[in-house]
Amino acid sequence: MKTRIGDAARLEYSDDKHQDPDMRDYHPPKDLLAGRTILVTGAGDGIGRAAAIAFATHGATVILLGRTIAKLEAVYDAIENAGGVKPAIYPMNLEGASPHDYTELAETLTKEFGSLEGLLHNAALLPYLSRLDDYDPEIWHQVMQVNLNAPFLLTQACLPLLRKAKDASVVFTGDQVSRQSKAYWGAYGVSKFGLEGLMLLLAEETRDSSDIRVNSFAPGPTRTKLRLLAFPGEEIESLKTPDSLIPDYLWLMGPDSIGTSGEALEYS
């Protein structure tokens, strides 16, 4: 039987930049994340799925958070088939979640695990590209809720757990559109600008008060459903796969990234 948690309980932003290593040559040990608990949002698909499997096969207990139970169960099975640490499933629709829902999640994690060593914000909405003149205000609100409000509320609720860890890593999934403004990216583009600001703010606030490191990582064009929505005519087979990003995410979540915080990193 799959473990679905919650059923029972219903840095400084430094001028001295840290450089991540050449990730294509990063070969971490299999027990890199042993003893760590890591929460991954949007774990049912694409990058979130690949990262969750990698974290589990490198020793972490992974909480799979997403809105589609069937997809989360498929990732659960993939982790077990790969010999990874038994994960847990936490179904949650970020679009409709209230502050109370995040508090309840944090309480459940505290009860079940006691601490949290990693938090990967991967879930995102990108419904369409459009000029602001035509952007549906309701869709704008939905995108902001998932892409910006949810990461804030989830991080805020989990901060006490993250502070209990010997060292903890919070990773926000960024995008190049948040670093060079592009027309027609609408709520998605604006939400990613906000997410980078949230990362920098949290990194500054935790710099002297905890062992939490906070960074963002922009994966670049990747073979995901989100990319297909943005560029339906693109030959998606020509893009890199989510698995090619695994070295980056392992480095960010593991102890080798200790000392790196407040950085807007990207795939290269």
# chains A, B, ... in the order shown; residues from 1 in each chain; ligands from 1
call {"tool": "residues_around", "arguments": {"residues": "A:Asn93", "least_positions_apart": "2", "cutoff": "12 Å", "atoms": "only C-alpha atoms", "output": "list of chain:residue names"}}
result
A:Thr41, A:Gly42, A:Leu65, A:Gly66, A:Arg67, A:Thr68, A:Ile69, A:Tyr90, A:Pro91, A:Glu95, A:Gly96, A:Ala97, A:Ser98, A:Asp101, A:Tyr102, A:Ala123, A:Ala124, A:Leu125, A:Gln142, A:Gln145, A:Val146, A:Ala150
call {"tool": "write_last_selection", "arguments": {"atoms": "N, CA, C and O atoms", "output": "PDB file, in the first residue's frame"}}
result
ATOM      1  N   THR A  41       7.148  19.765  -4.919  1.00  0.00           N
ATOM      2  CA  THR A  41       5.845  20.115  -5.479  1.00  0.00           C
ATOM      3  C   THR A  41       5.849  19.853  -6.983  1.00  0.00           C
ATOM      4  O   THR A  41       6.889  19.903  -7.630  1.00  0.00           O
ATOM      5  N   GLY A  42       4.678  19.567  -7.506  1.00  0.00           N
ATOM      6  CA  GLY A  42       4.600  19.218  -8.921  1.00  0.00           C
ATOM      7  C   GLY A  42       5.369  17.946  -9.209  1.00  0.00           C
ATOM      8  O   GLY A  42       6.003  17.809 -10.257  1.00  0.00           O
ATOM      9  N   LEU A  65       4.216  15.847  -3.664  1.00  0.00           N
ATOM     10  CA  LEU A  65       3.051  16.717  -3.564  1.00  0.00           C
ATOM     11  C   LEU A  65       2.581  17.086  -4.964  1.00  0.00           C
ATOM     12  O   LEU A  65       3.365  17.522  -5.805  1.00  0.00           O
ATOM     13  N   GLY A  66       1.296  16.929  -5.198  1.00  0.00           N
ATOM     14  CA  GLY A  66       0.699  17.278  -6.480  1.00  0.00           C
ATOM     15  C   GLY A  66      -0.800  17.119  -6.395  1.00  0.00           C
ATOM     16  O   GLY A  66      -1.343  16.668  -5.383  1.00  0.00           O
ATOM     17  N   ARG A  67      -1.492  17.489  -7.458  1.00  0.00           N
ATOM     18  CA  ARG A  67      -2.956  17.441  -7.415  1.00  0.00           C
ATOM     19  C   ARG A  67      -3.545  16.177  -8.031  1.00  0.00           C
ATOM     20  O   ARG A  67      -4.705  15.859  -7.791  1.00  0.00           O
ATOM     21  N   THR A  68      -2.759  15.441  -8.830  1.00  0.00           N
ATOM     22  CA  THR A  68      -3.281  14.269  -9.517  1.00  0.00           C
ATOM     23  C   THR A  68      -2.736  13.006  -8.865  1.00  0.00           C
ATOM     24  O   THR A  68      -1.553  12.670  -9.024  1.00  0.00           O
ATOM     25  N   ILE A  69      -3.588  12.327  -8.128  1.00  0.00           N
ATOM     26  CA  ILE A  69      -3.142  11.183  -7.337  1.00  0.00           C
ATOM     27  C   ILE A  69      -2.558  10.083  -8.213  1.00  0.00           C
ATOM     28  O   ILE A  69      -1.539   9.469  -7.865  1.00  0.00           O
ATOM     29  N   TYR A  90       1.348  13.234  -0.814  1.00  0.00           N
ATOM     30  CA  TYR A  90       0.502  14.241  -0.196  1.00  0.00           C
ATOM     31  C   TYR A  90      -0.270  14.968  -1.294  1.00  0.00           C
ATOM     32  O   TYR A  90       0.238  15.909  -1.903  1.00  0.00           O
ATOM     33  N   PRO A  91      -1.498  14.536  -1.580  1.00  0.00           N
ATOM     34  CA  PRO A  91      -2.289  15.208  -2.622  1.00  0.00           C
ATOM     35  C   PRO A  91      -2.676  16.616  -2.189  1.00  0.00           C
ATOM     36  O   PRO A  91      -3.131  16.824  -1.060  1.00  0.00           O
ATOM     37  N   GLU A  95      -3.764  25.485  -6.449  1.00  0.00           N
ATOM     38  CA  GLU A  95      -4.620  26.571  -6.921  1.00  0.00           C
ATOM     39  C   GLU A  95      -5.718  26.911  -5.920  1.00  0.00           C
ATOM     40  O   GLU A  95      -6.074  28.071  -5.739  1.00  0.00           O
ATOM     41  N   GLY A  96      -6.244  25.902  -5.258  1.00  0.00           N
ATOM     42  CA  GLY A  96      -7.345  26.137  -4.333  1.00  0.00           C
ATOM     43  C   GLY A  96      -6.961  26.054  -2.873  1.00  0.00           C
ATOM     44  O   GLY A  96      -7.814  26.210  -1.990  1.00  0.00           O
ATOM     45  N   ALA A  97      -5.690  25.826  -2.583  1.00  0.00           N
ATOM     46  CA  ALA A  97      -5.269  25.642  -1.190  1.00  0.00           C
ATOM     47  C   ALA A  97      -5.332  26.958  -0.407  1.00  0.00           C
ATOM     48  O   ALA A  97      -4.992  28.023  -0.917  1.00  0.00           O
ATOM     49  N   SER A  98      -5.759  26.852   0.834  1.00  0.00           N
ATOM     50  CA  SER A  98      -5.848  28.010   1.721  1.00  0.00           C
ATOM     51  C   SER A  98      -4.645  28.029   2.674  1.00  0.00           C
ATOM     52  O   SER A  98      -3.941  27.022   2.811  1.00  0.00           O
ATOM     53  N   ASP A 101      -4.564  25.072   4.863  1.00  0.00           N
ATOM     54  CA  ASP A 101      -4.107  23.820   4.253  1.00  0.00           C
ATOM     55  C   ASP A 101      -2.592  23.672   4.385  1.00  0.00           C
ATOM     56  O   ASP A 101      -2.080  22.566   4.608  1.00  0.00           O
ATOM     57  N   TYR A 102      -1.867  24.758   4.242  1.00  0.00           N
ATOM     58  CA  TYR A 102      -0.404  24.706   4.372  1.00  0.00           C
ATOM     59  C   TYR A 102       0.004  24.482   5.823  1.00  0.00           C
ATOM     60  O   TYR A 102       0.964  23.755   6.106  1.00  0.00           O
ATOM     61  N   ALA A 123       6.184  23.053  -8.991  1.00  0.00           N
ATOM     62  CA  ALA A 123       4.864  23.184  -9.602  1.00  0.00           C
ATOM     63  C   ALA A 123       4.705  24.562 -10.249  1.00  0.00           C
ATOM     64  O   ALA A 123       5.144  25.581  -9.705  1.00  0.00           O
ATOM     65  N   ALA A 124       4.065  24.582 -11.415  1.00  0.00           N
ATOM     66  CA  ALA A 124       3.844  25.855 -12.110  1.00  0.00           C
ATOM     67  C   ALA A 124       2.712  25.722 -13.101  1.00  0.00           C
ATOM     68  O   ALA A 124       2.438  24.627 -13.617  1.00  0.00           O
ATOM     69  N   LEU A 125       2.053  26.851 -13.373  1.00  0.00           N
ATOM     70  CA  LEU A 125       1.036  26.938 -14.409  1.00  0.00           C
ATOM     71  C   LEU A 125       1.510  27.867 -15.508  1.00  0.00           C
ATOM     72  O   LEU A 125       2.043  28.947 -15.238  1.00  0.00           O
ATOM     73  N   GLN A 142      -5.210  32.628 -11.106  1.00  0.00           N
ATOM     74  CA  GLN A 142      -4.876  31.210 -10.953  1.00  0.00           C
ATOM     75  C   GLN A 142      -3.373  30.975 -11.065  1.00  0.00           C
ATOM     76  O   GLN A 142      -2.786  30.229 -10.274  1.00  0.00           O
ATOM     77  N   GLN A 145      -1.569  32.306  -8.082  1.00  0.00           N
ATOM     78  CA  GLN A 145      -1.815  31.478  -6.912  1.00  0.00           C
ATOM     79  C   GLN A 145      -0.879  30.277  -6.875  1.00  0.00           C
ATOM     80  O   GLN A 145      -0.312  29.958  -5.824  1.00  0.00           O
ATOM     81  N   VAL A 146      -0.693  29.625  -8.006  1.00  0.00           N
ATOM     82  CA  VAL A 146       0.147  28.424  -8.061  1.00  0.00           C
ATOM     83  C   VAL A 146       1.632  28.781  -8.101  1.00  0.00           C
ATOM     84  O   VAL A 146       2.456  28.181  -7.395  1.00  0.00           O
ATOM     85  N   ALA A 150       1.560  30.158  -3.683  1.00  0.00           N
ATOM     86  CA  ALA A 150       1.778  28.827  -3.090  1.00  0.00           C
ATOM     87  C   ALA A 150       3.212  28.650  -2.584  1.00  0.00           C
ATOM     88  O   ALA A 150       3.401  28.168  -1.457  1.00  0.00           O
TER      89      ALA A 150
END
call {"tool": "select_by_dssp", "arguments": {"residues": "stretch 83-243 of chain A", "states": "strand (DSSP E)", "output": "list in words"}}
result
Ala88, Ile89, Tyr90, Pro91, Gly118, Leu119, Leu120, His121, Ala168, Ser169, Val170, Val171, Phe172, Thr173, Ile212, Arg213, Val214, Asn215, Ser216, Phe217 and Ala218 of chain A
call {"tool": "residues_around", "arguments": {"residues": "stretch 78-87 of chain A", "least_positions_apart": "4", "cutoff": "6 Å", "atoms": "only C-alpha atoms", "output": "ChimeraX atom specification"}}
result
/A:53,56-57,59,61-63
call {"tool": "closest_residue", "arguments": {"among": "A:Tyr76, A:Tyr128, A:Phe113, A:Tyr249", "to": "A:Arg227", "atoms": "only C-alpha atoms"}}
result
A:Tyr128
call {"tool": "closest_residue", "arguments": {"among": "A:Ile212, A:Ala183, A:Ala218, A:Ile38", "to": "A:Ser257", "atoms": "only C-alpha atoms"}}
result
A:Ile212
call {"tool": "atom_distance", "arguments": {"atom1": "atom CA of A:Leu32", "atom2": "atom CA of A:Gly262"}}
result
22.4 Å
call {"tool": "closest_residue", "arguments": {"among": "A:Leu250, A:Ala43, A:Leu195, A:Ala264", "to": "A:His27", "atoms": "only C-alpha atoms"}}
result
A:Leu250
call {"tool": "residues_around", "arguments": {"residues": "stretch 174-176 of chain A", "least_positions_apart": "3", "cutoff": "8 Å", "atoms": "only C-alpha atoms", "output": "NGL selection string"}}
result
:A and (179-180 or 192 or 195-196 or 216-220 or 264)
